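So this block is final.txt, compact mmCIF, N, CA and C atoms:
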# COMPACT_ATOMS: atom_id res chain seq x y z
N MET R 1 -3.45 -6.96 -11.61
CA MET R 1 -3.35 -6.37 -10.30
C MET R 1 -2.78 -7.38 -9.30
N GLY R 2 -3.11 -8.64 -9.44
CA GLY R 2 -2.63 -9.66 -8.53
C GLY R 2 -1.12 -9.73 -8.48
N MET R 3 -0.48 -9.57 -9.63
CA MET R 3 0.97 -9.64 -9.66
C MET R 3 1.57 -8.52 -8.81
N THR R 4 1.03 -7.33 -8.87
CA THR R 4 1.55 -6.21 -8.09
C THR R 4 1.34 -6.45 -6.61
N VAL R 5 0.17 -6.90 -6.22
CA VAL R 5 -0.11 -7.18 -4.82
C VAL R 5 0.83 -8.26 -4.30
N GLU R 6 1.02 -9.30 -5.08
CA GLU R 6 1.92 -10.38 -4.67
C GLU R 6 3.37 -9.89 -4.57
N SER R 7 3.79 -9.03 -5.49
CA SER R 7 5.16 -8.54 -5.42
C SER R 7 5.34 -7.61 -4.23
N LEU R 8 4.30 -6.86 -3.88
CA LEU R 8 4.36 -6.03 -2.66
C LEU R 8 4.53 -6.93 -1.44
N LYS R 9 3.73 -7.98 -1.36
CA LYS R 9 3.82 -8.90 -0.23
C LYS R 9 5.19 -9.57 -0.18
N ALA R 10 5.73 -9.90 -1.34
CA ALA R 10 7.06 -10.53 -1.40
C ALA R 10 8.13 -9.58 -0.87
N ASN R 11 8.00 -8.29 -1.17
CA ASN R 11 8.97 -7.33 -0.67
C ASN R 11 8.88 -7.16 0.85
N TYR R 12 7.66 -7.18 1.38
CA TYR R 12 7.53 -7.12 2.84
C TYR R 12 8.18 -8.35 3.48
N LYS R 13 7.99 -9.50 2.85
CA LYS R 13 8.61 -10.73 3.36
C LYS R 13 10.13 -10.62 3.29
N ALA R 14 10.63 -10.07 2.18
CA ALA R 14 12.08 -9.91 2.03
C ALA R 14 12.65 -8.99 3.10
N ILE R 15 11.91 -7.95 3.44
CA ILE R 15 12.37 -7.05 4.51
C ILE R 15 12.41 -7.82 5.83
N GLY R 16 11.36 -8.59 6.10
CA GLY R 16 11.33 -9.39 7.32
C GLY R 16 12.47 -10.39 7.38
N ASP R 17 12.72 -11.04 6.24
CA ASP R 17 13.84 -11.98 6.18
C ASP R 17 15.16 -11.28 6.43
N ASN R 18 15.29 -10.08 5.86
CA ASN R 18 16.52 -9.32 6.02
C ASN R 18 16.70 -8.90 7.47
N LEU R 19 15.62 -8.55 8.14
CA LEU R 19 15.70 -8.13 9.54
C LEU R 19 16.11 -9.29 10.44
N SER R 20 15.72 -10.51 10.06
CA SER R 20 16.07 -11.64 10.91
C SER R 20 17.39 -12.28 10.48
N GLY R 21 17.97 -11.79 9.40
CA GLY R 21 19.22 -12.35 8.90
C GLY R 21 20.36 -11.36 9.04
N PHE R 22 20.99 -11.07 7.93
CA PHE R 22 22.20 -10.25 7.89
C PHE R 22 21.94 -8.80 8.29
N ARG R 23 20.74 -8.28 8.07
CA ARG R 23 20.33 -6.93 8.45
C ARG R 23 21.07 -5.85 7.67
N SER R 24 20.96 -5.89 6.39
CA SER R 24 21.59 -4.88 5.54
C SER R 24 20.66 -3.68 5.41
N ARG R 25 21.05 -2.57 6.00
CA ARG R 25 20.24 -1.35 5.93
C ARG R 25 20.05 -0.92 4.48
N ASP R 26 21.10 -1.01 3.67
CA ASP R 26 21.00 -0.61 2.26
C ASP R 26 19.97 -1.45 1.52
N LYS R 27 19.96 -2.75 1.77
CA LYS R 27 19.00 -3.65 1.12
C LYS R 27 17.57 -3.29 1.55
N ILE R 28 17.40 -3.00 2.83
CA ILE R 28 16.07 -2.63 3.34
C ILE R 28 15.60 -1.33 2.71
N VAL R 29 16.48 -0.35 2.60
CA VAL R 29 16.12 0.93 1.98
C VAL R 29 15.72 0.72 0.52
N LEU R 30 16.46 -0.12 -0.20
CA LEU R 30 16.09 -0.42 -1.60
C LEU R 30 14.72 -1.06 -1.68
N LEU R 31 14.43 -2.00 -0.78
CA LEU R 31 13.13 -2.66 -0.77
C LEU R 31 12.01 -1.69 -0.42
N LEU R 32 12.26 -0.80 0.54
CA LEU R 32 11.24 0.19 0.90
C LEU R 32 10.96 1.14 -0.25
N ASP R 33 12.02 1.58 -0.94
CA ASP R 33 11.84 2.45 -2.10
C ASP R 33 11.07 1.73 -3.21
N GLN R 34 11.36 0.45 -3.38
CA GLN R 34 10.65 -0.35 -4.38
C GLN R 34 9.18 -0.49 -3.99
N LEU R 35 8.90 -0.68 -2.71
CA LEU R 35 7.52 -0.77 -2.24
C LEU R 35 6.75 0.52 -2.52
N LEU R 36 7.40 1.65 -2.36
CA LEU R 36 6.75 2.93 -2.66
C LEU R 36 6.38 3.01 -4.14
N ARG R 37 7.32 2.65 -5.00
CA ARG R 37 7.05 2.67 -6.45
C ARG R 37 5.91 1.69 -6.80
N GLN R 38 5.95 0.51 -6.21
CA GLN R 38 4.91 -0.48 -6.48
C GLN R 38 3.54 -0.01 -5.99
N ASN R 39 3.51 0.66 -4.86
CA ASN R 39 2.25 1.18 -4.35
C ASN R 39 1.69 2.25 -5.27
N LYS R 40 2.55 3.08 -5.82
CA LYS R 40 2.09 4.10 -6.76
C LYS R 40 1.53 3.45 -8.03
N GLU R 41 2.19 2.41 -8.49
CA GLU R 41 1.71 1.66 -9.66
C GLU R 41 0.38 0.99 -9.34
N LEU R 42 0.27 0.41 -8.16
CA LEU R 42 -0.96 -0.24 -7.74
C LEU R 42 -2.11 0.76 -7.67
N ASP R 43 -1.84 1.96 -7.18
CA ASP R 43 -2.89 2.96 -7.10
C ASP R 43 -3.43 3.31 -8.49
N LYS R 44 -2.54 3.40 -9.46
CA LYS R 44 -2.99 3.65 -10.84
C LYS R 44 -3.92 2.54 -11.31
N LYS R 45 -3.57 1.30 -10.98
CA LYS R 45 -4.42 0.16 -11.36
C LYS R 45 -5.75 0.20 -10.63
N TYR R 46 -5.72 0.57 -9.36
CA TYR R 46 -6.97 0.70 -8.61
C TYR R 46 -7.87 1.76 -9.26
N GLN R 47 -7.27 2.88 -9.64
CA GLN R 47 -8.06 3.95 -10.26
C GLN R 47 -8.65 3.49 -11.60
N GLU R 48 -7.86 2.73 -12.36
CA GLU R 48 -8.37 2.19 -13.63
C GLU R 48 -9.53 1.23 -13.38
N LEU R 49 -9.40 0.40 -12.36
CA LEU R 49 -10.45 -0.55 -12.02
C LEU R 49 -11.73 0.17 -11.59
N ILE R 50 -11.58 1.19 -10.77
CA ILE R 50 -12.74 1.96 -10.31
C ILE R 50 -13.41 2.64 -11.49
N GLN R 51 -12.62 3.24 -12.38
CA GLN R 51 -13.19 3.90 -13.55
C GLN R 51 -13.89 2.89 -14.46
N LEU R 52 -13.30 1.73 -14.64
CA LEU R 52 -13.92 0.69 -15.45
C LEU R 52 -15.25 0.26 -14.84
N ALA R 53 -15.28 0.09 -13.53
CA ALA R 53 -16.52 -0.30 -12.85
C ALA R 53 -17.61 0.75 -13.07
N LYS R 54 -17.23 2.01 -12.98
CA LYS R 54 -18.20 3.09 -13.19
C LYS R 54 -18.67 3.12 -14.65
N ASN R 55 -17.74 2.93 -15.58
CA ASN R 55 -18.08 2.95 -17.00
C ASN R 55 -18.97 1.78 -17.40
N CYS R 56 -18.85 0.67 -16.68
CA CYS R 56 -19.64 -0.54 -16.99
C CYS R 56 -20.93 -0.59 -16.19
N ASP R 57 -21.26 0.51 -15.57
CA ASP R 57 -22.50 0.61 -14.80
C ASP R 57 -22.63 -0.45 -13.71
N VAL R 58 -21.52 -0.70 -13.02
CA VAL R 58 -21.57 -1.60 -11.86
C VAL R 58 -22.52 -0.95 -10.85
N PRO R 59 -23.42 -1.72 -10.27
CA PRO R 59 -24.39 -1.15 -9.32
C PRO R 59 -23.69 -0.38 -8.20
N ALA R 60 -24.27 0.75 -7.84
CA ALA R 60 -23.70 1.59 -6.78
C ALA R 60 -23.54 0.81 -5.47
N THR R 61 -24.38 -0.18 -5.26
CA THR R 61 -24.30 -0.96 -4.03
C THR R 61 -23.05 -1.83 -3.97
N ALA R 62 -22.41 -2.07 -5.12
CA ALA R 62 -21.20 -2.90 -5.16
C ALA R 62 -19.93 -2.08 -4.91
N MET R 63 -20.00 -0.79 -5.14
CA MET R 63 -18.79 0.04 -5.03
C MET R 63 -18.21 0.07 -3.62
N PRO R 64 -19.02 0.18 -2.55
CA PRO R 64 -18.41 0.17 -1.21
C PRO R 64 -17.59 -1.10 -0.95
N GLY R 65 -18.02 -2.23 -1.48
CA GLY R 65 -17.27 -3.47 -1.30
C GLY R 65 -15.90 -3.41 -1.97
N LEU R 66 -15.86 -2.80 -3.15
CA LEU R 66 -14.60 -2.63 -3.87
C LEU R 66 -13.65 -1.75 -3.06
N TYR R 67 -14.18 -0.63 -2.59
CA TYR R 67 -13.35 0.27 -1.78
C TYR R 67 -12.89 -0.40 -0.49
N LYS R 68 -13.76 -1.22 0.09
CA LYS R 68 -13.41 -1.91 1.33
C LYS R 68 -12.21 -2.83 1.12
N GLU R 69 -12.18 -3.55 0.00
CA GLU R 69 -11.05 -4.43 -0.31
C GLU R 69 -9.75 -3.63 -0.44
N ILE R 70 -9.84 -2.49 -1.10
CA ILE R 70 -8.65 -1.64 -1.27
C ILE R 70 -8.17 -1.13 0.08
N VAL R 71 -9.10 -0.64 0.90
CA VAL R 71 -8.75 -0.11 2.22
C VAL R 71 -8.13 -1.21 3.08
N GLN R 72 -8.67 -2.42 3.01
CA GLN R 72 -8.11 -3.52 3.80
C GLN R 72 -6.66 -3.81 3.41
N PHE R 73 -6.37 -3.75 2.11
CA PHE R 73 -5.00 -4.00 1.68
C PHE R 73 -4.05 -2.92 2.20
N TYR R 74 -4.46 -1.66 2.10
CA TYR R 74 -3.62 -0.58 2.63
C TYR R 74 -3.49 -0.66 4.14
N THR R 75 -4.55 -1.09 4.82
CA THR R 75 -4.50 -1.24 6.28
C THR R 75 -3.49 -2.32 6.67
N GLU R 76 -3.46 -3.41 5.92
CA GLU R 76 -2.47 -4.46 6.18
C GLU R 76 -1.05 -3.90 6.05
N GLN R 77 -0.84 -3.07 5.03
CA GLN R 77 0.48 -2.48 4.85
C GLN R 77 0.82 -1.54 6.01
N ASN R 78 -0.16 -0.75 6.44
CA ASN R 78 0.10 0.15 7.57
C ASN R 78 0.52 -0.63 8.80
N LYS R 79 -0.14 -1.74 9.05
CA LYS R 79 0.23 -2.58 10.20
C LYS R 79 1.66 -3.10 10.06
N ALA R 80 2.02 -3.55 8.87
CA ALA R 80 3.37 -4.06 8.63
C ALA R 80 4.40 -2.94 8.82
N LEU R 81 4.07 -1.75 8.36
CA LEU R 81 5.01 -0.63 8.50
C LEU R 81 5.18 -0.22 9.95
N ILE R 82 4.11 -0.26 10.72
CA ILE R 82 4.21 0.06 12.14
C ILE R 82 5.14 -0.94 12.82
N ASP R 83 5.01 -2.21 12.46
CA ASP R 83 5.93 -3.22 13.02
C ASP R 83 7.37 -2.94 12.61
N LEU R 84 7.58 -2.49 11.38
CA LEU R 84 8.94 -2.19 10.93
C LEU R 84 9.54 -0.99 11.67
N TYR R 85 8.69 -0.03 12.03
CA TYR R 85 9.17 1.13 12.78
C TYR R 85 9.79 0.72 14.11
N LYS R 86 9.35 -0.40 14.66
CA LYS R 86 9.86 -0.85 15.95
C LYS R 86 11.33 -1.25 15.87
N ASP R 87 11.79 -1.58 14.67
CA ASP R 87 13.19 -1.97 14.49
C ASP R 87 13.98 -0.73 14.09
N SER R 88 14.95 -0.35 14.87
CA SER R 88 15.67 0.90 14.65
C SER R 88 16.38 0.97 13.29
N ILE R 89 16.74 -0.19 12.71
CA ILE R 89 17.45 -0.19 11.43
C ILE R 89 16.56 0.33 10.30
N THR R 90 15.23 0.24 10.46
CA THR R 90 14.34 0.68 9.39
C THR R 90 13.82 2.09 9.60
N ASN R 91 14.19 2.73 10.70
CA ASN R 91 13.75 4.11 10.93
C ASN R 91 14.55 5.04 10.05
N GLY R 92 13.93 5.55 9.01
CA GLY R 92 14.63 6.44 8.10
C GLY R 92 13.66 7.08 7.12
N LYS R 93 14.23 7.84 6.21
CA LYS R 93 13.45 8.59 5.24
C LYS R 93 12.58 7.67 4.37
N SER R 94 13.11 6.56 3.93
CA SER R 94 12.38 5.67 3.02
C SER R 94 11.12 5.12 3.67
N ILE R 95 11.23 4.67 4.90
CA ILE R 95 10.04 4.10 5.55
C ILE R 95 9.03 5.20 5.86
N ARG R 96 9.50 6.38 6.22
CA ARG R 96 8.56 7.49 6.49
C ARG R 96 7.80 7.86 5.22
N LYS R 97 8.50 7.95 4.09
CA LYS R 97 7.83 8.29 2.83
C LYS R 97 6.81 7.23 2.46
N LEU R 98 7.18 5.96 2.60
CA LEU R 98 6.26 4.87 2.28
C LEU R 98 5.06 4.89 3.22
N HIS R 99 5.30 5.06 4.50
CA HIS R 99 4.21 5.07 5.48
C HIS R 99 3.27 6.25 5.23
N GLU R 100 3.81 7.42 4.93
CA GLU R 100 2.98 8.58 4.62
C GLU R 100 2.12 8.32 3.39
N TYR R 101 2.71 7.71 2.38
CA TYR R 101 1.97 7.43 1.15
C TYR R 101 0.85 6.42 1.40
N VAL R 102 1.16 5.35 2.09
CA VAL R 102 0.16 4.31 2.36
C VAL R 102 -0.97 4.88 3.23
N THR R 103 -0.62 5.69 4.21
CA THR R 103 -1.64 6.32 5.06
C THR R 103 -2.52 7.25 4.24
N LYS R 104 -1.91 8.04 3.37
CA LYS R 104 -2.66 8.96 2.51
C LYS R 104 -3.62 8.18 1.60
N GLN R 105 -3.15 7.07 1.04
CA GLN R 105 -4.00 6.26 0.17
C GLN R 105 -5.15 5.64 0.96
N THR R 106 -4.86 5.17 2.17
CA THR R 106 -5.91 4.60 3.01
C THR R 106 -7.00 5.63 3.26
N GLU R 107 -6.58 6.83 3.62
CA GLU R 107 -7.56 7.90 3.89
C GLU R 107 -8.34 8.26 2.63
N LYS R 108 -7.66 8.29 1.49
CA LYS R 108 -8.33 8.63 0.22
C LYS R 108 -9.42 7.61 -0.10
N TYR R 109 -9.11 6.34 0.03
CA TYR R 109 -10.10 5.31 -0.31
C TYR R 109 -11.20 5.18 0.74
N ILE R 110 -10.90 5.48 1.98
CA ILE R 110 -11.97 5.52 2.99
C ILE R 110 -12.96 6.63 2.63
N LYS R 111 -12.43 7.78 2.23
CA LYS R 111 -13.29 8.89 1.84
C LYS R 111 -14.12 8.53 0.61
N GLU R 112 -13.50 7.87 -0.38
CA GLU R 112 -14.24 7.44 -1.57
C GLU R 112 -15.31 6.41 -1.20
N MET R 113 -14.98 5.52 -0.26
CA MET R 113 -15.95 4.51 0.18
C MET R 113 -17.14 5.21 0.86
N GLU R 114 -16.84 6.18 1.72
CA GLU R 114 -17.91 6.92 2.39
C GLU R 114 -18.79 7.64 1.37
N ASN R 115 -18.17 8.25 0.36
CA ASN R 115 -18.94 8.94 -0.68
C ASN R 115 -19.80 7.97 -1.46
N SER R 116 -19.32 6.76 -1.68
CA SER R 116 -20.08 5.78 -2.44
C SER R 116 -21.29 5.27 -1.66
N LEU R 117 -21.26 5.43 -0.35
CA LEU R 117 -22.37 4.99 0.48
C LEU R 117 -23.52 6.00 0.52
N GLN R 118 -23.26 7.20 0.04
CA GLN R 118 -24.28 8.25 0.08
C GLN R 118 -25.13 8.25 -1.16
Rewrite the structure from the file as structure tokens, please.
Amino acid sequence: MGMTVESLKANYKAIGDNLSGFRSRDKIVLLLDQLLRQNKELDKKYQELIQLAKNCDVPATAMPGLYKEIVQFYTEQNKALIDLYKDSITNGKSIRKLHEYVTKQTEKYIKEMENSLQ
């Protein structure tokens, strides 16, 4: 999972570098599309991790902490995407799709965290 998280962070950095450099819209769109694919892959890994924790009888009191870590990571991405929206070169279909997906995942894991607290 660490490799995926690190590659996501690297892509956000690459977008930032691109915005402060040559500003290639095509390169930014490719990076945003790659971030969407990576986030989908990461979600599968998160689901596998959650299922493994449940199968291994991880105490119910530990599950909210796991969900909290996931929500924090998606929240960081949402903040980065909001900053990207401020730059007109990144306003497009790719960033909207990525932002919608990250927001949906954040809401999903918040709901799962709330359910785990009950």
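Distance-wise, CA of Thr75 (chain R) and CA of Asn115 (chain R) end up 19.0 Å apart.
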Give the answer as one residue: which of R:Phe73, R:Leu35, R:Tyr109, R:Gly92 has the shortest atom-to-atom distance to Leu8 (chain R), using only N, CA and C atoms?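 Residue with the minimum atom-to-atom distance to Leu8 (chain R): R:Leu35.
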Please, what distance in Å, to one decimal, runs between CA of Leu66 (chain R) and CA of Glu114 (chain R)? 11.9 Å
Between CA of Asn78 (chain R) and CA of His99 (chain R) - distance in Å to one decimal: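 These atoms are spaced 6.7 Å apart.
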So which residues touch Ala60 (chain R) within 8 Å, counting only N, CA and C atoms, skipping near sequence neighbours fewer than 4 positions away, as number ranges by chain? R: 64-65, 116-117
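With distances restricted to all atoms listed in the file, R:Glu41 is the closest residue to Thr4 (chain R) from R:Asp83, R:Asp33, R:Glu41, R:Glu69.
Shortest separation to Glu107 (chain R) among R:Leu84, R:Leu36, R:Val71, R:Ile28 occurs at residue R:Val71, atoms counted being all atoms listed in the file.
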Could you find all residues in chain R that DSSP calls alpha helix (DSSP H) from the backbone, and write them as an MDAnalysis selection string? chainID R and resid 2:20 25:55 63:85 93:116
Might you pull out every residue within 12 Å of Ser94 (chain R), with only C-alpha atoms counted and same-chain residues fewer than 2 positions away left off, and present them as a PyMOL selection string? chain R and resi 25-37+81+84-85+89-92+96-101
Pick from R:Gln38, R:Thr61, R:Asn55, R:Tyr67, whichever lies nearest to Tyr12 (chain R) using only C-alpha atoms: R:Gln38
